[in-house]
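Report on one structure; see the data block that follows.
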Amino acid sequence: MTDLGTFRSETRAWLEANCPPEMRKAIRSEADICWGGRNWTFQSDAQREWLEVMATRGWTVPDWPREYGGGGLSPAEARVLKEEMQRIGARSPLTSFGISMLGPALLKFGTEEQKKHYLGQIARGEIRWCQGYSEPGAGSDLAGLQTKAEDKGDHWLVNGQKVWTSYADKSDWIFCLVRTSTESKQGGISFLLFDMATPGVSTKPILLISGSSPFCETFFDDVKVPKEQIIGEVNKGWDVAKYLLGHEREMIAGMGLGTGGRSVTLGPITKPSDPLLRAEIAAFDVDALAFAAMSERFAAMWKAGEAHPASPSMMKYAGTELNKRRNELMMAAGGSDALEWDSEHSKGGATPRSWLRSKGNSIEGGTSEIQLNIVAKHILRLPGA
Amino acid sequence: MSLLTDDQKMLQETAASFLAEEGSIAKQLRHWRDIKCKDGFGHDLWKQFAELGLTGICIPESHGGMGMGATEAALVLEEIGRNLTPSPFLTTAVAAARAIEGTAHADRWYPGVLSGEAVLALAVDEGPRHAPECTALEAKRQGNGFVLNGAKQFVVQGGSADMIVTAARTAGSSGERDGITLFAVAKDAAGLTVDSQTLVDSSKAARLTFENVELDADAVIGEVDGGWQPLSRALAAGSAGAAAELVGVASGISTMTLDYLRQRKQFGRLIGEFQALQHRAAHLYSENEIARAAAFKAAQLLDSGDDTAELYVSVAKAKAAEVANLAVREGVQMHGGIGMTDEHDSGLFMKREAVLGELFGDVYYHRNRVAELSGY
């Protein structure tokens, strides 16, 4: 048997022995997702146990180095682990912006001390992170941000406001873009980490058209941040920010896929009786399956270093537009059932709420229009772009 | 999905330089079109394909071929598409070669394909839309053999083919997969009329009429009444191949269009500076990448014999045709007036897309297959 074959059979046996049966059931609601953090209330013993055994093995972040709490797996081994988890329908033990966004940036830009300090906590799900990027006056034009961090000798003094901070009201720490110089737009930005419990930090949830409040407004009023909690050099935070956005776009692009081994196609879910609707769904399914192939190819190319650095923008654009179309078709297929907002029959209006929420997919993390600008400029090298 | 191996990359480079050099639009497509060549392609070029081993890509090593698969064929076809190179590669070396694989006809025809002397064709369609299970051309048992009556159309390279793999009905009725039998019909069979037509892209396809064409029992490819198996194998290889060629067509016209956006000036500016065009170009880029991924995924699944290969072949053909169609429409539009002239190449891409889009089933055929295979 090959090494990978041995790894697969060992992984299979280990998962069989260690993944609690409850954690092999499909995710039914937001509450089934384990975000971790200081104030996390585990939904069940099984959820706690699953996080603990996986974190102990380094498998909440299988491809991170072992010294930072990861599993130290090769890309091929990580893929096998993912496949074996999908095979038994195992839930992700931990979902976190620390894993999907901050971690990769820390691995690339953090000092040894910072990596040792933060990465292990992320891997074990001890700190829940939020992202302080957008501001009321800095959306698509993110580098126009104004939140100010003044150098006060032994600390940074942060003042300003962020918006669209995902789960800020539930998070323990924030990774935050701040202005440390007004001399240059992109060259005056720094990347800070700080505790949301620091005096002067306050949050206010934003109610969305979908009825949920996944985002907040976040206010900073004379917040003192220890000097060493900066990632990368002063005024070089834009490099960190862009790198992290690439990972965010990859993650958002993945939403077009449907996850956890679920089918990417709509047909089997909706069983359309109307021939014209069936035709639209078939057209969607072609695009969804083609995009699934693209996602696999993109992941392989990204790992092999063969992908264009701007290609996550293309994936984000295509994936989110696809997810919006998917939701439009779910509404069409649902007919008047899909209009009920809170009935038991409609599972609390799951379809219309998802439909409305999906509209934000092509706005958050950089709008579709911004992604197209990036593709035109960096990949197609069109003039003046 | 795995990326290309070193061997595959080498093959891709060989095909790319060979076709850019020898298979260019000026040397091949325009040349044969303008002299009104009856076959629509150059036999010398087909011999060059053979010398490079390309005609034997899908032929097993035991028969002297390269023993490769749909993935390698796709690499060559993408370059063919990019250069609009007219050749019998797809019908002969991919589709028909797969139809006769593992049968006695392989011994008879593979040597000619390998040497670049034989051209093979596939006769399936009987109406203007692809519907292989609706094969109605009648093959009646007569003594030890069969007698064929009926008609075929859209037989690509039918006029230049030495042998035509023909789907006929020996049992059951139109619409059923059982009861179809494949026959190897020689070009000079008595009672066969081959009426070669020039298509919109200057390629050739024939209308065939079978009038009491008598065939021996050994003309049967595979099993009597069991022709669906080799036929679907050939059609899957052909569809995946056409998808890859469409990816090449889309890529070829898109490269030209982007170059034009970078050099054409209006209002004192390069038109590529206009965001209205930039966004359309970026969208097209995204679609091209997705179509290529789908085409290679389908080819790789065919090669590994995966259960989902049939589904992905239909995904790939539908997606590639849809995207190539977008690419040629945007190509002609963004080139403006020059794109409407015969002198400019963009119209040639539009014409090729129309033919490849139809071949082995159009977008609607394959979307419907995706729906059927997904259970709705």
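Please note that chains go A, B, ... in the order of the structure tokens, that every chain numbers its residues from 1, and that ligands are numbered from 1 in the order shown.
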Which chain A residues are at most 8 Å from chain B (counting only C-alpha atoms), as number ranges by chain?
-> A: 267-268, 271-272, 278-279, 282-283, 285-287, 289-291, 293-294, 296-297, 300-301, 314-315, 318, 369, 372-373, 375-376, 380, 382-385
Please write the residues from the selection above to a file, keeping N, CA and C atoms, as a compact mmCIF listing (two decimals), in the first residue's frame.
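Result file is selection36.txt:
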```txt
# COMPACT_ATOMS: atom_id res chain seq x y z
N GLY A 267 -31.45 20.45 -9.40
CA GLY A 267 -32.49 19.57 -9.90
C GLY A 267 -33.06 18.62 -8.87
N PRO A 268 -32.19 17.80 -8.24
CA PRO A 268 -32.71 16.81 -7.30
C PRO A 268 -33.40 17.46 -6.10
N LYS A 271 -36.93 19.25 -8.06
CA LYS A 271 -37.83 18.43 -8.89
C LYS A 271 -38.89 19.26 -9.63
N PRO A 272 -38.48 20.09 -10.55
CA PRO A 272 -39.42 21.00 -11.20
C PRO A 272 -40.43 20.26 -12.08
N ARG A 278 -37.75 23.70 -15.47
CA ARG A 278 -36.80 22.58 -15.56
C ARG A 278 -35.63 22.97 -16.45
N ALA A 279 -35.92 23.63 -17.56
CA ALA A 279 -34.86 24.04 -18.49
C ALA A 279 -33.92 25.04 -17.83
N ALA A 282 -31.80 23.18 -15.35
CA ALA A 282 -30.77 22.40 -16.04
C ALA A 282 -29.62 23.31 -16.48
N ALA A 283 -29.96 24.49 -16.96
CA ALA A 283 -28.91 25.44 -17.37
C ALA A 283 -28.08 25.83 -16.16
N ASP A 285 -27.66 23.98 -13.44
CA ASP A 285 -26.89 22.81 -13.00
C ASP A 285 -25.62 22.64 -13.84
N VAL A 286 -25.73 22.91 -15.14
CA VAL A 286 -24.53 22.86 -15.99
C VAL A 286 -23.50 23.84 -15.45
N ASP A 287 -23.93 25.06 -15.18
CA ASP A 287 -23.00 26.07 -14.69
C ASP A 287 -22.44 25.71 -13.31
N LEU A 289 -22.08 22.67 -11.97
CA LEU A 289 -21.13 21.56 -12.06
C LEU A 289 -19.83 22.00 -12.73
N ALA A 290 -19.96 22.88 -13.72
CA ALA A 290 -18.76 23.40 -14.37
C ALA A 290 -17.95 24.22 -13.37
N PHE A 291 -18.65 24.99 -12.54
CA PHE A 291 -17.94 25.79 -11.53
C PHE A 291 -17.30 24.89 -10.47
N ALA A 293 -16.04 22.03 -11.06
CA ALA A 293 -14.79 21.57 -11.70
C ALA A 293 -13.74 22.67 -11.63
N MET A 294 -14.20 23.91 -11.83
CA MET A 294 -13.27 25.05 -11.76
C MET A 294 -12.70 25.18 -10.35
N GLU A 296 -12.20 22.84 -8.15
CA GLU A 296 -11.19 21.80 -7.94
C GLU A 296 -9.89 22.17 -8.64
N ARG A 297 -10.04 22.65 -9.88
CA ARG A 297 -8.87 22.99 -10.66
C ARG A 297 -8.13 24.18 -10.03
N ALA A 300 -6.22 23.06 -6.96
CA ALA A 300 -5.00 22.33 -7.32
C ALA A 300 -3.93 23.29 -7.85
N MET A 301 -4.37 24.26 -8.66
CA MET A 301 -3.41 25.21 -9.22
C MET A 301 -2.86 26.14 -8.13
N MET A 314 -11.61 36.19 -9.61
CA MET A 314 -12.46 35.55 -10.61
C MET A 314 -13.35 34.48 -9.97
N MET A 315 -12.76 33.72 -9.03
CA MET A 315 -13.55 32.68 -8.35
C MET A 315 -14.66 33.30 -7.50
N ALA A 318 -17.44 34.63 -9.89
CA ALA A 318 -18.26 33.57 -10.50
C ALA A 318 -19.07 32.82 -9.44
N GLU A 369 -18.32 44.01 -9.17
CA GLU A 369 -17.74 45.02 -10.07
C GLU A 369 -16.26 45.25 -9.75
N LEU A 372 -14.30 42.29 -11.08
CA LEU A 372 -14.10 42.40 -12.53
C LEU A 372 -13.01 43.44 -12.83
N ASN A 373 -12.99 44.53 -12.06
CA ASN A 373 -11.91 45.51 -12.23
C ASN A 373 -10.55 44.85 -12.00
N VAL A 375 -9.72 41.64 -12.22
CA VAL A 375 -9.40 40.72 -13.32
C VAL A 375 -8.92 41.51 -14.54
N ALA A 376 -9.65 42.59 -14.86
CA ALA A 376 -9.29 43.38 -16.05
C ALA A 376 -7.89 43.98 -15.92
N LEU A 380 -5.94 40.50 -17.18
CA LEU A 380 -6.04 40.81 -18.61
C LEU A 380 -5.15 41.97 -19.03
N LEU A 382 -5.57 45.12 -19.12
CA LEU A 382 -6.21 46.09 -20.01
C LEU A 382 -5.73 47.50 -19.64
N PRO A 383 -5.64 48.38 -20.61
CA PRO A 383 -5.07 49.71 -20.36
C PRO A 383 -5.93 50.53 -19.41
N GLY A 384 -5.27 51.29 -18.57
CA GLY A 384 -5.97 52.25 -17.70
C GLY A 384 -6.85 51.61 -16.66
N ALA A 385 -6.84 50.29 -16.56
CA ALA A 385 -7.71 49.62 -15.58
C ALA A 385 -7.09 49.70 -14.20
```
Using only C-alpha atoms, determine which residues lie at most 8 Å from A:Leu339, disregarding the query and same-chain residues fewer than 5 positions distant; provide the list as JSON, numbers by chain.
-> {"A": [331, 349, 352]}
Give me a file of those residues, with N, CA and C atoms, as a PDB file, in the first residue's frame.
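Output file result_21.pdb is given in full below:
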```
ATOM      1  N   MET A 331     -36.332  30.072  -5.108  1.00  0.00           N
ATOM      2  CA  MET A 331     -37.558  30.849  -4.905  1.00  0.00           C
ATOM      3  C   MET A 331     -38.591  30.486  -5.973  1.00  0.00           C
ATOM      4  N   GLY A 349     -39.041  30.151   7.152  1.00  0.00           N
ATOM      5  CA  GLY A 349     -38.738  30.994   5.986  1.00  0.00           C
ATOM      6  C   GLY A 349     -37.320  30.816   5.472  1.00  0.00           C
ATOM      7  N   PRO A 352     -36.719  32.051   1.576  1.00  0.00           N
ATOM      8  CA  PRO A 352     -36.632  33.494   1.310  1.00  0.00           C
ATOM      9  C   PRO A 352     -35.524  34.185   2.093  1.00  0.00           C
TER      10      PRO A 352
END
```
Per DSSP on the backbone, filter stretch 106-329 of chain A down to the residues in alpha helix (DSSP H) and report them as JSON, numbers by chain.
-> {"A": [106, 107, 108, 109, 112, 113, 114, 120, 121, 122, 123, 237, 238, 239, 240, 241, 242, 243, 244, 245, 246, 247, 248, 249, 250, 251, 252, 253, 267, 268, 269, 270, 275, 276, 277, 278, 279, 280, 281, 282, 283, 284, 285, 286, 287, 288, 289, 290, 291, 292, 293, 294, 295, 296, 297, 298, 299, 300, 301, 302, 303, 311, 312, 313, 314, 315, 316, 317, 318, 319, 320, 321, 322, 323, 324, 325, 326, 327, 328, 329]}
Using atom CA of B:Asp216 and atom CA of B:Gly145 as the two end points, give the distance in Å to one decimal.
->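 We find that atom CA of B:Asp216 and atom CA of B:Gly145 lie 4.4 Å from each other.
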Tell me, which residues of stretch 52-275 of chain B carry DSSP strand (DSSP E), written as a PyMOL selection string?
-> chain B and resi 120-123+138-142+145-156+163-169+180-186+192-198+204-215+220-221+265-266+269-270
Please provide as a list in words all residues within 6 Å of A:Asp222, with the sequence filter that same-chain residues fewer than 5 positions apart are discarded (counting only C-alpha atoms).
->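 Surrounding residues, per the criterion: Leu157, Val158, Asn159 and Gly200 of chain A.
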One-decimal distance in Å that lies between atom CA of B:Leu356 and atom CA of B:Thr92 =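 Atom CA of B:Leu356 lies 15.3 Å from atom CA of B:Thr92.
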Give the answer as one residue: which of B:Leu231, B:Met256, B:Ala50, B:Met68 has the shortest atom-to-atom distance to B:Leu122, using only C-alpha atoms?
->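 Smallest distance to B:Leu122 is found for B:Leu231.
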Could you name the residues that touch A:Met54 at 10 Å or less, counting only C-alpha atoms, but leaving out those on the same chain fewer than 6 positions away, as a count of residues only?
-> 12
Can you pull out every residue within 9 Å of stretch 107-113 of chain B, counting only C-alpha atoms, but drop anything in the same chain fewer than 4 positions away, and send it as a ChimeraX atom specification?
-> /B:50,55-56,59,63-65,92-93,97,100,102-103,117-120,163
What does the file look like for those residues with C-alpha atoms, as a PDB file, in the first residue's frame?
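For reference, result-v9.pdb as written:
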```pdb
ATOM      1  CA  ALA B  50       0.399  11.054 -38.202  1.00  0.00           C
ATOM      2  CA  THR B  55      -3.541  10.323 -35.127  1.00  0.00           C
ATOM      3  CA  GLY B  56      -2.809   7.426 -32.767  1.00  0.00           C
ATOM      4  CA  ILE B  59      -5.324   4.000 -30.328  1.00  0.00           C
ATOM      5  CA  HIS B  63      -2.102  -1.564 -32.137  1.00  0.00           C
ATOM      6  CA  GLY B  64       0.845   0.804 -32.507  1.00  0.00           C
ATOM      7  CA  GLY B  65      -0.877   3.885 -31.115  1.00  0.00           C
ATOM      8  CA  THR B  92     -11.376   9.901 -37.168  1.00  0.00           C
ATOM      9  CA  ALA B  93      -8.807   9.732 -34.391  1.00  0.00           C
ATOM     10  CA  ALA B  97     -11.370   5.229 -33.328  1.00  0.00           C
ATOM     11  CA  ILE B 100     -14.209   0.379 -33.298  1.00  0.00           C
ATOM     12  CA  GLY B 102     -11.616  -3.726 -29.272  1.00  0.00           C
ATOM     13  CA  THR B 103     -13.341  -5.049 -32.412  1.00  0.00           C
ATOM     14  CA  GLU B 117      -3.958   7.740 -44.936  1.00  0.00           C
ATOM     15  CA  ALA B 118      -7.404   6.732 -43.724  1.00  0.00           C
ATOM     16  CA  VAL B 119     -10.243   9.034 -42.799  1.00  0.00           C
ATOM     17  CA  LEU B 120     -13.157   7.656 -40.778  1.00  0.00           C
ATOM     18  CA  MET B 163     -15.171   4.028 -43.877  1.00  0.00           C
TER      19      MET B 163
END
```
Near-A:Gly237 list (6 Å; only C-alpha atoms; drop same-chain fewer than 5 positions) as a list of chain:residue names |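 Here the answer would be A:Ile189, A:Ser190, A:Phe191.
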So how many Å separate atom CA of B:Val76 and atom CA of B:Glu101, to one decimal?
->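 So the two atoms, atom CA of B:Val76 and atom CA of B:Glu101, lie 20.1 Å apart.
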Return the single residue from B:Ile221, B:Ala15, B:Ala106, B:Ala95 that is closest to B:Phe360, with distances computed using only C-alpha atoms.
-> B:Ala95
